[in-house]
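Please read the structure below before turning to the comments.
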There are 2 protein chains.
Amino acid sequence: MSKTAAIIGGGVIGGGWLARFLLNGWDINVFDPDPEAERKISEVLRNARHALPMLYDQPLPAEGKIKFCTKIKDAVTQADWIQESVPERLDIKHSVFTEIQESCRLEAVIGSSTSGFKPSELQENAMRPEQIMVTHPFNPVYLLPLIELVPSAATGSKHIETAKEVLETIGLYPLHVRKEIDAHIADRFLEAVWREGLWLIKDGIATTEEIDNAIRFGFGLRWAQMGLFETFRIAGGEAGMAHFIAQFGPCLSWPWTKLTHVPELTDELTQMIADQSEAQSGHKSIRELERLRDNNLIAMMRALKQQGSAAGALITAHEDKLRKPLRTTFPMRTVSRIIPVDWTDYNGHMNEGRYGQIFSDAADAFMIEIGADAEYIAAGNSFFTAETTIKYLAETLAGQNVYVNTQVLRSDGKKVKLFHQMRGENDIIFATCEQFMLHVNLTTRKSCPPLPHVQNRMDALALAHKENKSCTLV
Amino acid sequence: MSKTAAIIGGGVIGGGWLARFLLNGWDINVFDPDPEAERKISEVLRNARHALPMLYDQPLPAEGKIKFCTKIKDAVTQADWIQESVPERLDIKHSVFTEIQESCRLEAVIGSSTSGFKPSELQENAMRPEQIMVTHPFNPVYLLPLIELVPSAATGSKHIETAKEVLETIGLYPLHVRKEIDAHIADRFLEAVWREGLWLIKDGIATTEEIDNAIRFGFGLRWAQMGLFETFRIAGGEAGMAHFIAQFGPCLSWPWTKLTHVPELTDELTQMIADQSEAQSGHKSIRELERLRDNNLIAMMRALKQQGSAAGALITAHEDKLRKPLRTTFPMRTVSRIIPVDWTDYNGHMNEGRYGQIFSDAADAFMIEIGADAEYIAAGNSFFTAETTIKYLAETLAGQNVYVNTQVLRSDGKKVKLFHQMRGENDIIFATCEQFMLHVNLTTRKSCPPLPHVQNRMDALALAHKENKSCTLV
């Protein structure tokens with residue numbers, strides 16, 4: 001395989017496909033008659049170059065090359081993969097497919113990004129229907145892994161296999177839709193929700209913002225990691241899926257939406273769902289699924305917290321209300337926390353780097369206490385860490401309560417040395433850290449002494465801590 | 001406020017409320033006639049105690065106390081908040097409310113977890129309807145922040161304000177549903193999707209697992225951070241929401257689902273949506289929204305990767321295919337990567353702790369190269385880091401390409417010292433790390449020399465690196 005992809009139609013979706021292939025080392029031939037195509041693609045590509053490599057903890061292959069072609073023929077002749085993302089009109093798609101098939105290789109996969117047409121419709125009057133299938137992506141295509149791969153009966157099994165292999169090598173998840181259907185699978189859900197959203201807005205029940213909050217602070221978080229049925233399997237508890245359906249099924253006949261044509265929940269359908277759910281998740285107990293769900297939710301919400309976004313912003317706001325002043329008796333307790341699940345390694349222990357983070361957090365809290373706070377930093381002054389020496393004394397696991405005691409070892413104008421001990425129950429010492437810091441003027445980026453009020457407090461603490469004494473800061 | 005909550009009905013939902021209050025320092029009185037209630041609650045509580053404190057980077061308040069009551073009266077008399085989570089039958093709820101109101105304080109909030117009834121239905125014949133409102137949570141209640149707060153016209157404004165304040169102090173997000181409606185807001189979406197899912201299964205289009213994958217690998221990730229309308233606002237691009245609706249609105253009239261009663265997309269409705277979307281997100285450009293979306297997606301997917309779950313597991317599988325052998329010429333390049341957005345601080349720089357992680361990753365890669373790989377560890381041997389000294393030489397930003405060169409400074413039986421340099425473009429050195437490691441027998445947990453093949457390679461590298469030479473490992 002020459003690893004060449006032809007991108008026919010380069011809007012947001014075509015551009016996303018292009019970026020996905022390109023950043024995975026494929027060469028690209030683009031055909032798009034829009035005179036703005038190159039600019040539009042470069043915008044998608046800029047986003048993708050920022051985003052996709054960051055997903056990974058190792059480098060992606062070297063980027064391929066992009067060639068802009070003025071004819072479909074030039075774009076597709078050498079291509080192993082041809083991705084059609086032209087407007088959703090069947091006549092346009094048919095004529096594009098005809099032109100593609102006049103020049104492309106027999107073994108090339110022709111994938112369509114359509115959500116509106118079934119593969120059998122795309123294949124009507126095609127020269128070689130076996131090459132054609134739907135490969136429906138989700139925006140942003142350079143980040144989201146889902147591709148609905150929908151063949152018709154006329155699509156060749158060899159082409160389907162090739163398509164799956166190629167999609168996986170560029171980091172995508174081909175969901176083989178076994179029976180073609182209008183809108184495939186995901187868009188049926190999107191449409192159902194969109195339609196319900198329109199009613200809620202039209203009837204003045206909720207605004208777009210209220211609807212978004214109803215989604216992203218609740219079931220949206222659940223669906224990002226488990227989807228619908230595994231989530232409900234947990235809700236059913238040990239009694240299982242059939243119990244869940246028996247309990248909640250009747251709601252379907254309540255007049256909850258304006259869309260009331262629903263399948264009858266026969267014993268047969270209930271059993272079918274219970275069996276499928278068992279095949280999907282039956283190897284895990286409900287307790288295990290709950291733990292998996294909770295750990296995923298914690299990790300995602302903490303990730304959003306770090307981004308200052310969505311549910312994560314709510315946690316930060318709550319934390320701000322919980323924060324208490326430091327205990328400044330000797331030794332100063334600068335951190336007090338639990339080790340979260342997103343701080344562990346593949347081996348279940350806290351990652352080496354997180355010790356560094358805890359000690360960095362300890363130094364931040366310490367600095368706020370002595371007056372080197374956000375305001376001080378905004379005014380152009382700060383302490384930078386120049387060197388740390390960490391001794392690892394005991395393993396730390398998720399869920400453990402730890403605290404950090406901090407002591408000033410040295411206060412010498414611009415030079416400060418702190419000593420931190422990370423401890424836990426029964427006074428176990430998990431790790432220690434000697435942290436050498438320099439006071440810096442953020443404008444000149446040069447070291448300089450701290451402002452007097454900070455210097456005085458630091459000196460007072462250094463003196464007291466030398467004698468293992470407490471010190472009241474003034 | 002005495003910070004006492006009465007939990008009336010202690011199943012999965014009531015238990016979740018209980019945990020949320022308790023772990024935020026409230027005392028709890030439970031009433032649940034189920035003889036299994038105490039066991040069931042203890043199971044929810046075990047999950048919650050694992051999960052909720054991990055969301056935060058600082059400690060929650062000290063836990064309150066739980067008292068099990070045999071009468072509703074005993075539970076509610078002193079309570080500031082009374083949460084009803086009894087079965088979804090209106091007659092049961094009415095009799096519970098009557099009993100509650102005979103004993104509770106006038107200013108107490110009475111919240112119902114119901115999804116099936118409107119507040120005005122709950123209030124029928126109530127002694128004091130002004131106390132009663134719907135406060136509908138989402139499972140797991142101890143983690144998900146959304147509460148649909150639905151008052152009726154008869155609910156008192158003072159009670160509504162108190163309810164909002166209390167919910168926020170325990171880390172919840174009260175979504176004030178301004179107009180009561182069957183199923184409130186979120187469950188209307190859940191029902192629409194559930195119903196569509198049932199059709200897909202009944203018609204043999206997809207299994208429960210395929211449906212879950214169609215959700216969690218695609219739009220589920222989008223919805224966890226932005227919801228429906230802000231996501232679509234981005235899809236509309238600079239042309240905006242009205243353009244998006246014009247483009248995709250017609251799909252609504254296609255026969256995509258069995259549920260086809262849809263609102264007509266009049267100019268008025270289109271404008272209403274566009275205006276609401278502008279009020280919600282208009283302060284950010286589409287480019288800013290794209291970047292926000294992408295950074296959130298990266299952070300969440302990397303969080304799932306660290307959990308080995310959902311979309312994160314796909315990234316790991318892809319990485320496994322991308323991995324290349326180390327370059328063992330001198331100096332050995334043990335890490336080569338980009339700094340991701342989830343590694344930065346509030347100030348946009350890479351967090352101190354992540355330097356430690358990069359050097360830890362470098363050591364892992366080095367160890368695999370010399371034969372101390374997963375198999376070696378599984379056989380009971382490993383190197384533990386005893387001490388690291390990191391010198392911070394330059395700031396590192398998200399998006400920067402960095403690599404690590406690793407050198408053996410000392411190989412002395414069970415004692416090993418590595419030296420790492422983290423570098424970037426133009427050979428800038430961001431940081432260095434001296435890492436002192438001990439070889440350990442994982443069974444005895446005592447230090448001991450490495451097995452001969454590892455020892456030999458380590459010795460050979462130490463010798464070569466002393467003279468700044470490459471070394472071919474055999």
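Chains: A, B, ... in order of the structure tokens. Residues: from 1 per chain. Ligands: from 1, in order shown.
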Let's see if you can do this: from backbone DSSP, list all helix (DSSP H, G or I) residues in stretch 343-474 of chain A, as an mmCIF file with N, CA and C atoms, in the first residue's frame.
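New file states-v8.cif:
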data_model
loop_
_atom_site.group_PDB
_atom_site.id
_atom_site.type_symbol
_atom_site.label_atom_id
_atom_site.label_comp_id
_atom_site.auth_asym_id
_atom_site.auth_seq_id
_atom_site.Cartn_x
_atom_site.Cartn_y
_atom_site.Cartn_z
ATOM 1 N N TRP A 343 -3.860 9.612 39.343
ATOM 2 C CA TRP A 343 -2.456 9.859 39.661
ATOM 3 C C TRP A 343 -1.644 8.570 39.690
ATOM 4 N N GLU A 352 5.668 8.484 39.861
ATOM 5 C CA GLU A 352 6.810 9.252 40.385
ATOM 6 C C GLU A 352 6.600 10.760 40.263
ATOM 7 N N GLY A 353 6.085 11.179 39.097
ATOM 8 C CA GLY A 353 5.937 12.600 38.847
ATOM 9 C C GLY A 353 4.972 13.285 39.801
ATOM 10 N N ARG A 354 3.990 12.546 40.310
ATOM 11 C CA ARG A 354 2.987 13.155 41.178
ATOM 12 C C ARG A 354 3.559 13.535 42.545
ATOM 13 N N TYR A 355 4.660 12.862 42.960
ATOM 14 C CA TYR A 355 5.334 13.316 44.174
ATOM 15 C C TYR A 355 5.797 14.752 43.954
ATOM 16 N N GLY A 356 6.379 14.981 42.783
ATOM 17 C CA GLY A 356 6.844 16.322 42.444
ATOM 18 C C GLY A 356 5.692 17.313 42.462
ATOM 19 N N GLN A 357 4.509 16.865 41.979
ATOM 20 C CA GLN A 357 3.363 17.770 41.958
ATOM 21 C C GLN A 357 2.896 18.112 43.374
ATOM 22 N N ILE A 358 2.865 17.106 44.242
ATOM 23 C CA ILE A 358 2.437 17.358 45.623
ATOM 24 C C ILE A 358 3.377 18.361 46.294
ATOM 25 N N PHE A 359 4.671 18.178 46.046
ATOM 26 C CA PHE A 359 5.624 19.111 46.682
ATOM 27 C C PHE A 359 5.522 20.502 46.061
ATOM 28 N N SER A 360 5.213 20.548 44.776
ATOM 29 C CA SER A 360 4.990 21.833 44.116
ATOM 30 C C SER A 360 3.742 22.516 44.678
ATOM 31 N N ASP A 361 2.678 21.719 44.909
ATOM 32 C CA ASP A 361 1.465 22.266 45.534
ATOM 33 C C ASP A 361 1.768 22.777 46.943
ATOM 34 N N ALA A 362 2.633 22.032 47.647
ATOM 35 C CA ALA A 362 3.002 22.440 49.007
ATOM 36 C C ALA A 362 3.699 23.804 48.973
ATOM 37 N N ALA A 363 4.605 23.955 48.017
ATOM 38 C CA ALA A 363 5.320 25.230 47.899
ATOM 39 C C ALA A 363 4.353 26.360 47.538
ATOM 40 N N ASP A 364 3.384 26.081 46.647
ATOM 41 C CA ASP A 364 2.384 27.106 46.291
ATOM 42 C C ASP A 364 1.616 27.559 47.528
ATOM 43 N N ALA A 365 1.150 26.595 48.318
ATOM 44 C CA ALA A 365 0.363 26.933 49.515
ATOM 45 C C ALA A 365 1.221 27.718 50.504
ATOM 46 N N PHE A 366 2.471 27.289 50.644
ATOM 47 C CA PHE A 366 3.396 27.972 51.542
ATOM 48 C C PHE A 366 3.585 29.435 51.109
ATOM 49 N N MET A 367 3.776 29.619 49.813
ATOM 50 C CA MET A 367 4.039 30.962 49.297
ATOM 51 C C MET A 367 2.843 31.883 49.506
ATOM 52 N N ILE A 368 1.643 31.351 49.291
ATOM 53 C CA ILE A 368 0.444 32.159 49.531
ATOM 54 C C ILE A 368 0.426 32.606 50.993
ATOM 55 N N GLU A 369 0.774 31.676 51.890
ATOM 56 C CA GLU A 369 0.746 31.957 53.329
ATOM 57 C C GLU A 369 1.694 33.101 53.709
ATOM 58 N N ALA A 374 -1.337 35.401 44.545
ATOM 59 C CA ALA A 374 -1.680 35.749 43.158
ATOM 60 C C ALA A 374 -1.430 37.233 42.877
ATOM 61 N N GLU A 375 -1.758 38.059 43.855
ATOM 62 C CA GLU A 375 -1.587 39.501 43.700
ATOM 63 C C GLU A 375 -0.093 39.846 43.560
ATOM 64 N N TYR A 376 0.714 39.204 44.393
ATOM 65 C CA TYR A 376 2.173 39.407 44.382
ATOM 66 C C TYR A 376 2.753 39.014 43.025
ATOM 67 N N ILE A 377 2.249 37.900 42.507
ATOM 68 C CA ILE A 377 2.730 37.420 41.200
ATOM 69 C C ILE A 377 2.269 38.360 40.086
ATOM 70 N N ALA A 378 0.992 38.794 40.191
ATOM 71 C CA ALA A 378 0.458 39.714 39.173
ATOM 72 C C ALA A 378 1.264 41.014 39.135
ATOM 73 N N GLU A 425 -0.938 8.170 57.467
ATOM 74 C CA GLU A 425 -1.357 7.603 58.752
ATOM 75 C C GLU A 425 -0.183 6.963 59.485
ATOM 76 N N ASN A 426 -0.275 6.974 60.801
ATOM 77 C CA ASN A 426 0.787 6.415 61.656
ATOM 78 C C ASN A 426 2.141 7.061 61.380
ATOM 79 N N ASP A 427 2.073 8.295 60.912
ATOM 80 C CA ASP A 427 3.290 9.074 60.686
ATOM 81 C C ASP A 427 4.272 8.449 59.708
ATOM 82 N N PRO A 452 9.913 43.398 50.835
ATOM 83 C CA PRO A 452 10.192 43.321 52.274
ATOM 84 C C PRO A 452 9.206 42.477 53.087
ATOM 85 N N HIS A 453 7.866 42.631 52.829
ATOM 86 C CA HIS A 453 6.930 41.897 53.701
ATOM 87 C C HIS A 453 7.087 40.387 53.543
ATOM 88 N N VAL A 454 7.412 39.965 52.341
ATOM 89 C CA VAL A 454 7.620 38.531 52.101
ATOM 90 C C VAL A 454 8.958 38.094 52.707
ATOM 91 N N GLN A 455 9.973 38.923 52.484
ATOM 92 C CA GLN A 455 11.308 38.621 53.029
ATOM 93 C C GLN A 455 11.255 38.476 54.557
ATOM 94 N N ASN A 456 10.547 39.404 55.199
ATOM 95 C CA ASN A 456 10.473 39.375 56.662
ATOM 96 C C ASN A 456 9.821 38.094 57.175
ATOM 97 N N ARG A 457 8.738 37.690 56.511
ATOM 98 C CA ARG A 457 8.047 36.479 56.949
ATOM 99 C C ARG A 457 8.923 35.250 56.719
ATOM 100 N N MET A 458 9.566 35.238 55.576
ATOM 101 C CA MET A 458 10.425 34.099 55.259
ATOM 102 C C MET A 458 11.555 33.992 56.295
ATOM 103 N N ASP A 459 12.169 35.134 56.617
ATOM 104 C CA ASP A 459 13.254 35.139 57.605
ATOM 105 C C ASP A 459 12.758 34.654 58.965
ATOM 106 N N ALA A 460 11.594 35.160 59.370
ATOM 107 C CA ALA A 460 11.042 34.788 60.678
ATOM 108 C C ALA A 460 10.797 33.280 60.745
ATOM 109 N N LEU A 461 10.249 32.731 59.647
ATOM 110 C CA LEU A 461 9.993 31.284 59.617
ATOM 111 C C LEU A 461 11.301 30.504 59.640
ATOM 112 N N ALA A 462 12.288 30.970 58.890
ATOM 113 C CA ALA A 462 13.573 30.271 58.846
ATOM 114 C C ALA A 462 14.177 30.187 60.240
ATOM 115 N N LEU A 463 14.084 31.301 60.953
ATOM 116 C CA LEU A 463 14.641 31.364 62.302
ATOM 117 C C LEU A 463 13.897 30.402 63.239
ATOM 118 N N ALA A 464 12.576 30.480 63.218
ATOM 119 C CA ALA A 464 11.768 29.624 64.090
ATOM 120 C C ALA A 464 11.971 28.149 63.736
ATOM 121 N N HIS A 465 11.945 27.847 62.447
ATOM 122 C CA HIS A 465 12.033 26.439 62.014
ATOM 123 C C HIS A 465 13.400 25.832 62.338
ATOM 124 N N LYS A 466 14.413 26.683 62.437
ATOM 125 C CA LYS A 466 15.747 26.206 62.791
ATOM 126 C C LYS A 466 15.719 25.566 64.177
#
Env of A:Leu143: 8 Å cut, atoms = only C-alpha atoms, seq-sep filter 3 positions within chain, self excluded. Answer as a ChimeraX atom specification.
/A:48,51-52,139-140 /B:294,297-298
Any idea what's packed within 10 Å of A:Gly16, counting only C-alpha atoms, ignoring anything in its chain fewer than 4 positions away? Could you give it as a list in words?
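The residues satisfying every condition are Ile7, Gly10, Gly11, Val12, Arg20, Phe21, Leu22, Ile41, Val44, Leu45, Asn47, Ala48, Pro137, Phe138, Asn139, Pro140, Val141, Tyr142 and Leu143 of chain A.
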In terms of the shortest atom-to-atom distance over only C-alpha atoms, which of B:Thr77, B:Thr396, B:Ser120, B:Thr114 is closest to B:Glu102?
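Checking each candidate against B:Glu102, we get B:Thr77 as the closest.
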Excluding A:Gln407 and any residue of its chain fewer than 5 positions from it, enumerate the residues within 7 Å of it, using only C-alpha atoms, and give them as number ranges by chain.
A: 331-332, 418-420, 465
Please write the residues from the selection above to a file, keeping N, CA and C atoms, as a PDB file, in the first residue's frame.
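Just written: out_14.pdb:
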ATOM      1  N   PRO A 331       5.271  21.665  62.630  1.00  0.00           N
ATOM      2  CA  PRO A 331       5.591  22.058  61.262  1.00  0.00           C
ATOM      3  C   PRO A 331       4.352  22.552  60.522  1.00  0.00           C
ATOM      4  N   MET A 332       4.527  23.430  59.531  1.00  0.00           N
ATOM      5  CA  MET A 332       3.391  23.918  58.751  1.00  0.00           C
ATOM      6  C   MET A 332       2.834  22.793  57.895  1.00  0.00           C
ATOM      7  N   LEU A 418      13.410  25.088  50.893  1.00  0.00           N
ATOM      8  CA  LEU A 418      12.330  24.494  51.690  1.00  0.00           C
ATOM      9  C   LEU A 418      12.593  22.995  51.848  1.00  0.00           C
ATOM     10  N   PHE A 419      12.062  22.441  52.916  1.00  0.00           N
ATOM     11  CA  PHE A 419      12.136  20.998  53.101  1.00  0.00           C
ATOM     12  C   PHE A 419      10.720  20.493  53.358  1.00  0.00           C
ATOM     13  N   HIS A 420      10.268  19.558  52.513  1.00  0.00           N
ATOM     14  CA  HIS A 420       8.912  19.018  52.639  1.00  0.00           C
ATOM     15  C   HIS A 420       8.980  17.536  53.023  1.00  0.00           C
ATOM     16  N   HIS A 465      11.945  27.847  62.447  1.00  0.00           N
ATOM     17  CA  HIS A 465      12.033  26.439  62.014  1.00  0.00           C
ATOM     18  C   HIS A 465      13.400  25.832  62.338  1.00  0.00           C
TER      19      HIS A 465
END
Name all residues at most 8 Å from stretch 154-167 of chain A (count only C-alpha atoms; drop same-chain ones fewer than 3 positions away) and give them as a ChimeraX atom specification.
/A:107-109,120,129-133,151,170-174
Filtered DSSP result for stretch 143-195 of chain B, state strand (DSSP E), as a list of chain:residue names:
B:Leu146, B:Ile147, B:Glu148, B:Leu149, B:Val150, B:Tyr173, B:Pro174, B:Leu175, B:His176
The selected residues should be written to file as a PDB file, in the first residue's frame (atoms: N, CA and C atoms).
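Final output, saved to out-v8.pdb:
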ATOM      1  N   LEU B 146     -25.298  17.480  38.380  1.00  0.00           N
ATOM      2  CA  LEU B 146     -26.585  18.043  37.947  1.00  0.00           C
ATOM      3  C   LEU B 146     -27.742  17.702  38.881  1.00  0.00           C
ATOM      4  N   ILE B 147     -28.483  18.718  39.286  1.00  0.00           N
ATOM      5  CA  ILE B 147     -29.779  18.559  39.960  1.00  0.00           C
ATOM      6  C   ILE B 147     -30.782  19.405  39.196  1.00  0.00           C
ATOM      7  N   GLU B 148     -31.847  18.784  38.698  1.00  0.00           N
ATOM      8  CA  GLU B 148     -32.929  19.573  38.115  1.00  0.00           C
ATOM      9  C   GLU B 148     -33.817  20.063  39.251  1.00  0.00           C
ATOM     10  N   LEU B 149     -33.783  21.359  39.469  1.00  0.00           N
ATOM     11  CA  LEU B 149     -34.584  21.961  40.532  1.00  0.00           C
ATOM     12  C   LEU B 149     -35.846  22.505  39.879  1.00  0.00           C
ATOM     13  N   VAL B 150     -36.980  21.824  40.120  1.00  0.00           N
ATOM     14  CA  VAL B 150     -38.228  22.208  39.462  1.00  0.00           C
ATOM     15  C   VAL B 150     -39.257  22.618  40.503  1.00  0.00           C
ATOM     16  N   TYR B 173     -24.902  21.229  41.068  1.00  0.00           N
ATOM     17  CA  TYR B 173     -25.284  22.307  40.159  1.00  0.00           C
ATOM     18  C   TYR B 173     -26.802  22.306  40.003  1.00  0.00           C
ATOM     19  N   PRO B 174     -27.496  23.245  40.685  1.00  0.00           N
ATOM     20  CA  PRO B 174     -28.952  23.284  40.531  1.00  0.00           C
ATOM     21  C   PRO B 174     -29.343  23.928  39.200  1.00  0.00           C
ATOM     22  N   LEU B 175     -29.951  23.165  38.338  1.00  0.00           N
ATOM     23  CA  LEU B 175     -30.481  23.721  37.086  1.00  0.00           C
ATOM     24  C   LEU B 175     -31.943  24.069  37.340  1.00  0.00           C
ATOM     25  N   HIS B 176     -32.224  25.350  37.415  1.00  0.00           N
ATOM     26  CA  HIS B 176     -33.587  25.804  37.713  1.00  0.00           C
ATOM     27  C   HIS B 176     -34.468  25.611  36.470  1.00  0.00           C
TER      28      HIS B 176
END
Among listed residues B:Ala192, B:Ala310, B:His243, B:Lys202, nearest A:Gln225 (using only C-alpha atoms)
B:Ala310
I'd like the neighbourhood of B:Glu319 as number ranges by chain, where a residue qualifies if any of its atoms comes within 10 Å (using only C-alpha atoms), though same-chain residues fewer than 4 positions away should be ignored.
A: 55-60, 169, 171; B: 313-315, 323-324
Can you spit out the residues from that selection as a short mmCIF file (atom, residue, chain, number, x, y, z; two decimals), in the first residue's frame, using N, CA and C atoms?
data_model
loop_
_atom_site.label_atom_id
_atom_site.label_comp_id
_atom_site.auth_asym_id
_atom_site.auth_seq_id
_atom_site.Cartn_x
_atom_site.Cartn_y
_atom_site.Cartn_z
N LEU A 55 -2.73 13.74 22.02
CA LEU A 55 -3.44 12.58 22.57
C LEU A 55 -2.47 11.50 23.01
N TYR A 56 -1.32 11.47 22.37
CA TYR A 56 -0.41 10.33 22.50
C TYR A 56 0.77 10.63 23.39
N ASP A 57 1.31 9.58 23.99
CA ASP A 57 2.51 9.73 24.80
C ASP A 57 3.77 9.36 24.02
N GLN A 58 3.62 9.20 22.72
CA GLN A 58 4.79 9.02 21.87
C GLN A 58 4.51 9.66 20.52
N PRO A 59 5.56 9.87 19.73
CA PRO A 59 5.35 10.65 18.50
C PRO A 59 4.54 9.89 17.46
N LEU A 60 3.76 10.61 16.68
CA LEU A 60 3.10 10.06 15.50
C LEU A 60 4.14 9.93 14.39
N THR A 169 -5.30 1.68 11.55
CA THR A 169 -3.92 2.17 11.54
C THR A 169 -3.84 3.69 11.68
N GLY A 171 -5.82 5.22 13.84
CA GLY A 171 -6.32 5.51 15.18
C GLY A 171 -7.83 5.62 15.29
N ALA B 313 -8.64 3.46 25.82
CA ALA B 313 -8.06 2.15 25.47
C ALA B 313 -7.73 2.08 23.98
N LEU B 314 -8.52 2.79 23.15
CA LEU B 314 -8.24 2.81 21.71
C LEU B 314 -6.92 3.53 21.44
N ILE B 315 -6.66 4.60 22.18
CA ILE B 315 -5.42 5.35 21.97
C ILE B 315 -4.22 4.47 22.32
N ARG B 323 4.78 2.25 18.26
CA ARG B 323 6.02 2.23 19.03
C ARG B 323 7.19 1.72 18.19
N LYS B 324 8.32 2.41 18.31
CA LYS B 324 9.52 2.02 17.58
C LYS B 324 10.63 1.68 18.57
#
Polymer residues at most 8 Å from stretch 232-237 of chain A, only C-alpha atoms, same-chain spacing of 3 or more positions, as an MDAnalysis selection string:
(chainID A and resid 228:229 240:244 277 286 289:290) or (chainID B and resid 139)
Generate a file of the selected residues that holds C-alpha atoms, formatted as a CSV table (one decimal), in the first residue's frame.
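Dumped to again.csv:
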chain,number,residue,atom,x,y,z
A,228,LEU,CA,-26.5,4.1,27.3
A,229,PHE,CA,-27.0,0.4,28.0
A,240,GLY,CA,-29.8,-7.0,36.0
A,241,MET,CA,-31.1,-5.6,32.8
A,242,ALA,CA,-34.4,-7.3,32.6
A,243,HIS,CA,-35.3,-5.9,36.0
A,244,PHE,CA,-34.3,-2.4,34.9
A,277,SER,CA,-26.2,-6.7,27.8
A,286,ILE,CA,-22.1,-4.7,39.0
A,289,LEU,CA,-18.8,-1.8,36.7
A,290,GLU,CA,-19.7,0.8,39.3
B,139,ASN,CA,-26.8,8.5,39.3
Report, in Å with one decimal, the straight-line distance from atom CA of B:Met300 to atom CA of A:Met300.
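Here the two named atoms are 4.8 Å from each other.
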Between atom CA of A:Thr472 and atom CA of A:Ile370, what is the distance in Å, rounded to a tenth?
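Calculated distance between atom CA of A:Thr472 and atom CA of A:Ile370 is 10.7 Å.
Interatomic distance, atom CA of B:Arg302 against atom CA of A:Arg291: 18.6 Å.
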